[in-house]
Amino acid sequence: MRVLVVEDEASLREALKTELTAAGYSVDLAADGEEGLYAALEYPIDVAIVDLGLPKLSGLEVIRRLRARGKTYGVLILTARDRWQDKVEGLSAGADDYVAKPFHFAEVQARLSALLRRSGGWASARLACGPVELDTRAQTVSVNGAPVELTSFEYRILEHLMLRAGEVISKTDLTERLYEQDFDRDSNVVEVLVGRLRRKLDPDDSLKPIETLRGRGYRLSLPRRPA
Ligand code: CA
């Protein structure tokens, strides 16, 4: 999952990057509102963390403008603890949730996961499609109850496909969600990872969890069910 962090305080921005990267996200950073808005509009962001007090363009204005341009991904705002007005204004501008500073990283992560699940139409942290179960908190995967060991890239691809189960996801979309903007992108990597995922989830080729749609991308085709 690709997360945009718009925060002008360098130490906090870097700390979020470290924690989010360790939690398996691809992270884009912006240090002011203008940079943030550019990234919010141009990159394939899955979820954004936006501080309200930003130089050049306020966090509220960043959120208003990205919503006005049709971006529907989840936005989590960072607010001062004693400013209830910030929360109201942020939510009215189009944010989905807030965390008050100072915060524990676990809270940010829990709220981000919830936003990602909701935008994919899931109600709980455990996603289940047919016999495949994925726990977005523990980042574990099982098939028919048996744990499956995945690398972090394999996990990211499967999580993205499961969050959007039933939808066609293009190879470009998956590639962009694996890497940050300055990484050398090679869509063959996605083909290799999907191939490995198929073998790990479905060693005897009976389940066929991931469909290839020629020229269009991939789809997790097993039916969603309550976990
Ligand atoms: Ca600030």
# chains A, B, ... in the order shown; residues from 1 in each chain; ligands from 1
call {"tool": "closest_atom_pairs", "arguments": {"of": "chain A", "to": "ligand 1", "cutoff": "7 Å", "atoms": "only C-alpha atoms and all ligand atoms", "output": "tab-separated table"}}
result
residue	atom	partner	partner_atom_place_in_ligand_line	distance
A:Glu7	CA	ligand 1	1 (Ca)	6.0
A:Asp8	CA	ligand 1	1 (Ca)	5.2
A:Glu9	CA	ligand 1	1 (Ca)	5.9
A:Asp51	CA	ligand 1	1 (Ca)	5.7
A:Leu52	CA	ligand 1	1 (Ca)	6.3
A:Gly53	CA	ligand 1	1 (Ca)	4.1
A:Leu54	CA	ligand 1	1 (Ca)	4.9
call {"tool": "select_by_dssp", "arguments": {"residues": "segment 181-226 of chain A", "states": "helix (DSSP H, G or I)", "output": "number ranges by chain"}}
result
A: 187-201
call {"tool": "residues_around", "arguments": {"residues": "segment 28-37 of chain A", "least_positions_apart": "2", "cutoff": "7 Å", "atoms": "only C-alpha atoms", "output": "compact mmCIF listing (two decimals) with N, CA and C atoms, in the first residue's frame"}}
result
# COMPACT_ATOMS: atom_id res chain seq x y z
N VAL A 3 1.42 5.10 0.88
CA VAL A 3 0.91 6.13 1.77
C VAL A 3 1.69 7.43 1.57
N LEU A 4 0.95 8.52 1.51
CA LEU A 4 1.57 9.84 1.40
C LEU A 4 1.57 10.50 2.78
N VAL A 5 2.73 11.00 3.21
CA VAL A 5 2.83 11.72 4.49
C VAL A 5 3.16 13.17 4.19
N VAL A 6 2.25 14.09 4.57
CA VAL A 6 2.50 15.52 4.38
C VAL A 6 2.66 16.12 5.77
N GLU A 7 3.90 16.42 6.13
CA GLU A 7 4.21 16.89 7.49
C GLU A 7 5.45 17.78 7.39
N ASP A 8 5.38 18.98 7.95
CA ASP A 8 6.52 19.91 7.81
C ASP A 8 7.59 19.70 8.88
N SER A 26 4.71 1.50 1.18
CA SER A 26 5.58 2.37 0.38
C SER A 26 5.23 3.78 0.80
N ALA A 39 1.93 15.61 -4.90
CA ALA A 39 2.01 14.15 -4.74
C ALA A 39 0.62 13.54 -4.64
N ALA A 40 -0.27 14.23 -3.93
CA ALA A 40 -1.63 13.71 -3.72
C ALA A 40 -2.39 13.57 -5.04
N LEU A 41 -2.07 14.43 -5.99
CA LEU A 41 -2.78 14.40 -7.27
C LEU A 41 -2.07 13.52 -8.30
N LEU A 54 0.64 23.56 7.87
CA LEU A 54 1.70 23.34 6.88
C LEU A 54 2.08 24.66 6.23
N PRO A 55 3.36 24.84 5.87
CA PRO A 55 3.73 26.02 5.09
C PRO A 55 3.21 25.94 3.65
N LYS A 56 3.10 27.09 3.02
CA LYS A 56 2.73 27.26 1.60
C LYS A 56 1.24 27.02 1.32
N LEU A 57 0.71 25.91 1.82
CA LEU A 57 -0.70 25.61 1.60
C LEU A 57 -1.14 24.82 2.83
N SER A 58 -2.23 25.21 3.47
CA SER A 58 -2.62 24.53 4.71
C SER A 58 -3.09 23.11 4.40
N GLY A 59 -3.05 22.27 5.43
CA GLY A 59 -3.54 20.90 5.28
C GLY A 59 -5.00 20.88 4.84
N VAL A 62 -5.11 21.49 1.18
CA VAL A 62 -4.64 20.32 0.45
C VAL A 62 -5.79 19.31 0.31
N LEU A 66 -7.63 18.14 -3.17
CA LEU A 66 -7.54 16.78 -3.71
C LEU A 66 -8.92 16.15 -3.83
N GLU A 180 8.53 3.23 -4.42
CA GLU A 180 8.38 4.66 -4.34
C GLU A 180 8.81 5.27 -5.67
call {"tool": "residues_around", "arguments": {"residues": "Lys208 of chain A", "least_positions_apart": "4", "cutoff": "12 Å", "atoms": "only C-alpha atoms", "output": "PyMOL selection string"}}
result
chain A and resi 129-132+194-195+197-204+212+218-223
call {"tool": "write_last_selection", "arguments": {"atoms": "C-alpha atoms", "output": "tab-separated table (two decimals), in the first residue's frame"}}
result
chain	number	residue	atom	x	y	z
A	129	CYS	CA	-11.65	-14.85	0.06
A	130	GLY	CA	-12.54	-18.51	-0.37
A	131	PRO	CA	-10.01	-20.50	1.74
A	132	VAL	CA	-7.42	-17.66	1.69
A	194	VAL	CA	2.36	-13.06	-8.84
A	195	GLY	CA	3.79	-16.33	-10.15
A	197	LEU	CA	2.25	-16.07	-4.93
A	198	ARG	CA	0.23	-18.50	-7.02
A	199	ARG	CA	2.65	-21.33	-6.28
A	200	LYS	CA	2.66	-20.58	-2.56
A	201	LEU	CA	-1.10	-20.19	-2.19
A	202	ASP	CA	-2.04	-22.94	-4.59
A	203	PRO	CA	0.80	-25.48	-4.98
A	204	ASP	CA	-1.35	-28.07	-6.77
A	212	THR	CA	-4.76	-12.92	-15.28
A	218	TYR	CA	-4.96	-9.29	-12.30
A	219	ARG	CA	-8.03	-10.05	-10.25
A	220	LEU	CA	-8.45	-11.91	-7.00
A	221	SER	CA	-11.37	-14.01	-8.10
A	222	LEU	CA	-12.21	-16.09	-5.01
A	223	PRO	CA	-15.48	-14.97	-3.36
call {"tool": "atom_distance", "arguments": {"atom1": "atom CA of Lys71 of chain A", "atom2": "atom CA of Ala48 of chain A"}}
result
10.8 Å
call {"tool": "closest_residue", "arguments": {"among": "A:Thr175, A:Thr72, A:Asn188, A:Ser170", "to": "Gly217 of chain A", "atoms": "only C-alpha atoms"}}
result
A:Ser170
call {"tool": "closest_residue", "arguments": {"among": "A:Glu191, A:Leu174, A:Trp122, A:Arg137", "to": "Ala110 of chain A", "atoms": "only C-alpha atoms"}}
result
A:Arg137
call {"tool": "atom_distance", "arguments": {"atom1": "atom CA of Lys101 of chain A", "atom2": "atom CA of Ser11 of chain A"}}
result
13.5 Å
call {"tool": "residues_around", "arguments": {"residues": "Ser142 of chain A", "least_positions_apart": "2", "cutoff": "6 Å", "atoms": "only C-alpha atoms", "output": "list in words"}}
result
Val132, Glu133, Gly145, Ala146, Pro147 and Val148 of chain A
call {"tool": "write_last_selection", "arguments": {"atoms": "all heavy atoms", "output": "PDB file, in the first residue's frame"}}
result
ATOM      1  N   VAL A 132      -8.592 -18.515   1.406  1.00  0.00           N
ATOM      2  CA  VAL A 132      -7.422 -17.664   1.694  1.00  0.00           C
ATOM      3  C   VAL A 132      -7.809 -16.605   2.717  1.00  0.00           C
ATOM      4  O   VAL A 132      -8.795 -15.888   2.543  1.00  0.00           O
ATOM      5  CB  VAL A 132      -6.916 -16.965   0.402  1.00  0.00           C
ATOM      6  CG1 VAL A 132      -5.697 -16.098   0.718  1.00  0.00           C
ATOM      7  CG2 VAL A 132      -6.592 -17.992  -0.672  1.00  0.00           C
ATOM      8  N   GLU A 133      -7.040 -16.542   3.811  1.00  0.00           N
ATOM      9  CA  GLU A 133      -7.284 -15.527   4.836  1.00  0.00           C
ATOM     10  C   GLU A 133      -6.044 -14.674   5.010  1.00  0.00           C
ATOM     11  O   GLU A 133      -4.928 -15.192   5.032  1.00  0.00           O
ATOM     12  CB  GLU A 133      -7.628 -16.173   6.182  1.00  0.00           C
ATOM     13  CG  GLU A 133      -9.052 -16.653   6.230  1.00  0.00           C
ATOM     14  CD  GLU A 133      -9.528 -16.941   7.660  1.00  0.00           C
ATOM     15  OE1 GLU A 133      -8.994 -16.350   8.619  1.00  0.00           O
ATOM     16  OE2 GLU A 133     -10.414 -17.805   7.791  1.00  0.00           O
ATOM     17  N   GLY A 145      -6.587 -22.558   6.701  1.00  0.00           N
ATOM     18  CA  GLY A 145      -6.092 -22.563   8.070  1.00  0.00           C
ATOM     19  C   GLY A 145      -4.596 -22.824   8.218  1.00  0.00           C
ATOM     20  O   GLY A 145      -4.053 -22.661   9.296  1.00  0.00           O
ATOM     21  N   ALA A 146      -3.916 -23.217   7.121  1.00  0.00           N
ATOM     22  CA  ALA A 146      -2.474 -23.496   7.210  1.00  0.00           C
ATOM     23  C   ALA A 146      -1.691 -22.237   6.842  1.00  0.00           C
ATOM     24  O   ALA A 146      -1.911 -21.669   5.776  1.00  0.00           O
ATOM     25  CB  ALA A 146      -2.103 -24.636   6.270  1.00  0.00           C
ATOM     26  N   PRO A 147      -0.774 -21.796   7.718  1.00  0.00           N
ATOM     27  CA  PRO A 147      -0.025 -20.570   7.444  1.00  0.00           C
ATOM     28  C   PRO A 147       0.818 -20.678   6.176  1.00  0.00           C
ATOM     29  O   PRO A 147       1.368 -21.747   5.877  1.00  0.00           O
ATOM     30  CB  PRO A 147       0.887 -20.413   8.668  1.00  0.00           C
ATOM     31  CG  PRO A 147       0.517 -21.478   9.622  1.00  0.00           C
ATOM     32  CD  PRO A 147      -0.412 -22.434   8.976  1.00  0.00           C
ATOM     33  N   VAL A 148       0.904 -19.567   5.439  1.00  0.00           N
ATOM     34  CA  VAL A 148       1.727 -19.499   4.235  1.00  0.00           C
ATOM     35  C   VAL A 148       2.741 -18.379   4.460  1.00  0.00           C
ATOM     36  O   VAL A 148       2.376 -17.272   4.815  1.00  0.00           O
ATOM     37  CB  VAL A 148       0.860 -19.166   2.993  1.00  0.00           C
ATOM     38  CG1 VAL A 148       1.736 -19.021   1.759  1.00  0.00           C
ATOM     39  CG2 VAL A 148      -0.204 -20.234   2.784  1.00  0.00           C
TER      40      VAL A 148
END
call {"tool": "closest_residue", "arguments": {"among": "A:Leu16, A:Ile157, A:Val27, A:Gly94", "to": "Gly70 of chain A", "atoms": "only C-alpha atoms"}}
result
A:Gly94
call {"tool": "residues_around", "arguments": {"residues": "Val88 of chain A", "least_positions_apart": "2", "cutoff": "12 Å", "atoms": "only C-alpha atoms", "output": "list in words"}}
result
Leu52, Leu60, Ile77, Thr79, Arg83, Trp84, Gln85, Asp86, Gly90, Leu91, Ser92, Ala93, Gly94, Ala95, Asp96, Asp97 and Tyr98 of chain A
call {"tool": "closest_residue", "arguments": {"among": "A:Leu76, A:Ala15, A:Met162, A:Ala68", "to": "Leu115 of chain A", "atoms": "only C-alpha atoms"}}
result
A:Leu76
call {"tool": "closest_residue", "arguments": {"among": "A:Lys171, A:Arg13, A:Arg118, A:Arg196", "to": "Tyr155 of chain A", "atoms": "only C-alpha atoms"}}
result
A:Arg196
call {"tool": "select_by_dssp", "arguments": {"residues": "segment 125-155 of chain A", "states": "strand (DSSP E)", "output": "MDAnalysis selection string"}}
result
chainID A and resid 126:129 132:135 140:143 146:148
call {"tool": "atom_distance", "arguments": {"atom1": "atom CA of Val108 of chain A", "atom2": "atom CA of Leu20 of chain A"}}
result
9.4 Å
call {"tool": "closest_residue", "arguments": {"among": "A:Ala23, A:Leu112, A:Thr172, A:Leu178", "to": "Arg216 of chain A", "atoms": "only C-alpha atoms"}}
result
A:Thr172
call {"tool": "decode", "arguments": {"residues": "segment 10-44 of chain A", "atoms": "N, CA and C atoms", "output": "CSV table (one decimal), in the first residue's frame"}}
result
chain,number,residue,atom,x,y,z
A,10,ALA,N,10.4,17.9,10.3
A,10,ALA,CA,11.2,16.9,9.7
A,10,ALA,C,11.4,15.6,10.6
A,11,SER,N,11.5,15.8,11.9
A,11,SER,CA,11.8,14.6,12.7
A,11,SER,C,10.5,13.7,12.7
A,12,LEU,N,9.3,14.3,12.8
A,12,LEU,CA,8.1,13.5,12.8
A,12,LEU,C,7.9,12.9,11.4
A,13,ARG,N,8.2,13.6,10.4
A,13,ARG,CA,8.1,13.1,9.0
A,13,ARG,C,9.0,11.9,8.8
A,14,GLU,N,10.2,12.0,9.3
A,14,GLU,CA,11.1,10.9,9.1
A,14,GLU,C,10.8,9.7,10.0
A,15,ALA,N,10.3,10.0,11.2
A,15,ALA,CA,9.9,8.9,12.1
A,15,ALA,C,8.7,8.1,11.5
A,16,LEU,N,7.8,8.9,10.9
A,16,LEU,CA,6.6,8.2,10.3
A,16,LEU,C,7.1,7.3,9.1
A,17,LYS,N,8.0,7.9,8.3
A,17,LYS,CA,8.5,7.1,7.2
A,17,LYS,C,9.2,5.8,7.7
A,18,THR,N,10.0,5.9,8.8
A,18,THR,CA,10.6,4.7,9.3
A,18,THR,C,9.6,3.7,9.7
A,19,GLU,N,8.6,4.1,10.5
A,19,GLU,CA,7.6,3.2,11.1
A,19,GLU,C,6.8,2.6,10.0
A,20,LEU,N,6.3,3.5,9.1
A,20,LEU,CA,5.4,3.0,8.0
A,20,LEU,C,6.1,2.0,7.1
A,21,THR,N,7.4,2.3,6.8
A,21,THR,CA,8.2,1.4,5.9
A,21,THR,C,8.3,0.0,6.6
A,22,ALA,N,8.6,0.1,7.9
A,22,ALA,CA,8.8,-1.2,8.7
A,22,ALA,C,7.4,-1.9,8.7
A,23,ALA,N,6.3,-1.2,8.6
A,23,ALA,CA,5.0,-1.8,8.6
A,23,ALA,C,4.6,-2.3,7.2
A,24,GLY,N,5.5,-2.1,6.2
A,24,GLY,CA,5.2,-2.7,4.9
A,24,GLY,C,4.6,-1.7,3.9
A,25,TYR,N,4.5,-0.4,4.3
A,25,TYR,CA,4.0,0.5,3.3
A,25,TYR,C,5.1,1.1,2.4
A,26,SER,N,4.7,1.5,1.2
A,26,SER,CA,5.6,2.4,0.4
A,26,SER,C,5.2,3.8,0.8
A,27,VAL,N,6.2,4.6,1.1
A,27,VAL,CA,6.0,5.9,1.7
A,27,VAL,C,6.4,7.1,0.8
A,28,ASP,N,5.6,8.0,0.5
A,28,ASP,CA,5.9,9.2,-0.2
A,28,ASP,C,5.9,10.3,0.8
A,29,LEU,N,6.9,11.2,0.8
A,29,LEU,CA,7.0,12.3,1.8
A,29,LEU,C,6.8,13.6,1.1
A,30,ALA,N,6.2,14.6,1.8
A,30,ALA,CA,6.1,15.9,1.4
A,30,ALA,C,6.2,16.8,2.6
A,31,ALA,N,7.0,17.9,2.5
A,31,ALA,CA,7.3,18.8,3.6
A,31,ALA,C,6.5,20.0,3.7
A,32,ASP,N,5.7,20.3,2.6
A,32,ASP,CA,4.8,21.5,2.7
A,32,ASP,C,3.5,21.2,1.9
A,33,GLY,N,2.6,22.1,2.0
A,33,GLY,CA,1.3,21.8,1.4
A,33,GLY,C,1.3,21.7,-0.1
A,34,GLU,N,2.2,22.5,-0.8
A,34,GLU,CA,2.3,22.5,-2.2
A,34,GLU,C,2.8,21.2,-2.7
A,35,GLU,N,3.9,20.8,-2.1
A,35,GLU,CA,4.5,19.4,-2.5
A,35,GLU,C,3.5,18.3,-2.2
A,36,GLY,N,2.8,18.5,-1.1
A,36,GLY,CA,1.8,17.5,-0.7
A,36,GLY,C,0.7,17.4,-1.7
A,37,LEU,N,0.2,18.5,-2.1
A,37,LEU,CA,-0.9,18.5,-3.1
A,37,LEU,C,-0.4,17.9,-4.4
A,38,TYR,N,0.8,18.2,-4.8
A,38,TYR,CA,1.3,17.7,-6.1
A,38,TYR,C,1.3,16.1,-6.0
A,39,ALA,N,1.9,15.6,-4.9
A,39,ALA,CA,2.0,14.2,-4.7
A,39,ALA,C,0.6,13.5,-4.6
A,40,ALA,N,-0.3,14.2,-3.9
A,40,ALA,CA,-1.6,13.7,-3.7
A,40,ALA,C,-2.4,13.6,-5.0
A,41,LEU,N,-2.1,14.4,-6.0
A,41,LEU,CA,-2.8,14.4,-7.3
A,41,LEU,C,-2.1,13.5,-8.3
A,42,GLU,N,-0.7,13.4,-8.2
A,42,GLU,CA,0.0,12.8,-9.3
A,42,GLU,C,0.4,11.4,-9.0
A,43,TYR,N,0.5,11.0,-7.8
A,43,TYR,CA,1.0,9.6,-7.5
A,43,TYR,C,-0.2,8.7,-7.2
A,44,PRO,N,-0.1,7.4,-7.4
A,44,PRO,CA,-1.2,6.5,-7.1
A,44,PRO,C,-1.2,6.1,-5.6
